[in-house]
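Chemist: Below you'll find the structure I mean.
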Amino acid sequence: MSTSTHPDPSRPRVLVLGAGYAGLMAALRAADAAAVTVVAPTDAFTERVRQHERAAGRPGAALPLAPLLARRAVTHVRASATGIDTARRTVTTDDGGVHHYDRLVYALGSRTRGVAGGHDGRVFTAETAAALDARLAEGSGRVVVVGGGATGVETAAELAGRPGWTVGLTTAGVVGPSLSPRGRTHVRTVLDRLGVDVTQGVAVAPGDVDADVVVWTASLAASTGLAADAGLQVGADGRLVVDAFLRSASHPDVYAAGDAAAAWSPAAGPLRMACATALPTGTRAGRNVAAELAGREPAPLRFRYHVQCLSLGRDDGLVQQVGPDDTPGGVVVTGRVAALLKEQVVRSTVRALRLAAR
Ligand SMILES: Cc1cc2nc3c(=O)[nH]c(=O)nc-3n(C[C@H](O)[C@H](O)[C@H](O)COP(=O)(O)OP(=O)(O)OC[C@H]3O[C@@H](n4cnc5c(N)ncnc54)[C@H](O)[C@@H]3O)c2cc1C
């Protein structure tokens with residue numbers, strides 16, 4: 001059993017649930033003014049934006065939490081949160097621990113929607129990327145990726161090089177719905193070149209897909225069950241309703257960030273689930289917690305989109321210029337240059353976390 005004992009009991013206590021992009025950033029920023037504890041089940045940060053690479057056999061780059069957190073004296077409880085008591089301001093964990101907080105940051109991210117149980121062992125998701133890699137390594141046949149959004153496209157392109165497997169992509173809509181016509185054309189051209197056969201406009205259920213292996217990427221659900229059970233206000237989209245400062249609309253001593261929060265900004269409108277939004281919302285939530293506890297005014301989230309980046313295998317990609325609200329513009333960069341840019345963007349997320357730890 002654990003309790004969140006912190007080296008400095010005289011400081012206010014901030015508990016951060018989740019050690020993804022948003023939770024880590026919030027924890028490192030809140031440490032300016034508080035004794036911060038992160039609750040997360042593993043000792044390493046998962047670079048979720050590389051899970052399609054992991055599925056394609058590339059080793060995941062595990063970033064150990066301990067050195068990152070130690071530099072800001074943030075404590076880690078290695079456990080999963082199981083309950084929140086907003087009246088007592090406590091969180092329970094699956095190791096029997098009870099952790100008190102003055103401020104809570106809820107950053108439990110999201111999971112692939114609608115495929116619990118793995119459907120005959122044929123269906124995999126980004127969360128089971130390592131198991132998918134092992135399955136693809138042991139045989140050959142046909143793998144179909146379901147979902148035409150960024151995750152589906154990146155996954156299909158990455159798996160296309162996998163020896164012994166033919167790759168298909170099926171989507172109920174079109175491939176790359178958030179891209180400009182030029183961007184979509186490039187994605188289709190590269191998928192054709194890689195031998196990925198694409199079916200558009202066909203909705204399927206996991207059990208219906210004619211394939212040896214199915215990779216389900218169709219949509220994400222925010223991990224807000226714990227919040228809802230605790231009585232925190234959750235919107236129709238399943239995400240925590242927050243104000244401009246990222247405080248829960250129903251419980252202002254709880255902040256939320258990343259995929260779990262229905263964050264918005266004047267320039268961007270409602271933010272989509274993305275690493276690109278998790279880092280800035282985590283930063284803002286952490287800074288606001290620190291400001292509030294230090295008696296300063298919190299600041300509203302200011303965010304605007306600049307680009308969307310897609311990897312299309314290791315040798316091609318797409319960088320799509322977008323307006324402040326994510327509307328695609330006319331400028332696209334493609335080919336190897338775009339692949340290199342995308343790789344730099346992914347590396348910059350880890351660099352941002354390392355910088356925040358200093
Ligand atoms: C294959 C793939 C590619 C992607 N590519 C991109 C991209 O190129 N660009 C982009 O912007 N976005 C991309 N995304 C989306 C991006 O990964 C997510 O939006 C981002 O990870 C959200 O960050 P987060 O911190 O909110 O949540 P997560 O990264 O999901 O982190 C949530 C954390 O909460 C922890 N947790 C969960 N439950 C509990 C619990 N009960 N107790 C304690 N801890 C718990 C988890 O272990 C994890 O540490 C991609 C996603 C996938 C799957």
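Each chain of the structure tokens is named A, B, ... in the order shown, its residues numbered from 1; ligands are numbered from 1 in display order.
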From a DSSP calculation on the backbone, collect every residue of range 79-294 of chain A in strand (DSSP E or B) and output the set as a PyMOL selection string.
Modeler: chain A and resi 81-85+90-93+98-100+103-106+110-112+123-124+141-146+165-171+197-200+213-216+220-222+234+240-242+247-248+254-256+261-262+264-265+269-270
Chemist: Hey, what does DSSP flag as alpha helix (DSSP H) within range 117-192 of chain A? Can you give it to me as a ChimeraX atom specification?
Modeler: /A:129-137,150-159,181-192
Chemist: For the atom pair CA of Leu15 in chain A and CA of Thr37 in chain A, what is the interatomic distance in Å to one decimal place?
Modeler: 5.0 Å
Chemist: From the list A:Trp216, A:Phe245, A:Trp264, A:Tyr101, which residue is nearest ligand 1 when using only C-alpha atoms and all ligand atoms?
Modeler: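 The closest residue to ligand 1 is A:Trp216.
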Chemist: Determine, counting only C-alpha atoms, which protein, DNA and RNA residues have an atom within 8 Å of an atom of Met25 in chain A; residues of the same chain fewer than 2 positions away are not included. Present the result as a ChimeraX atom specification.
Modeler: /A:21-23,27-29,279,282-283,286,353,356
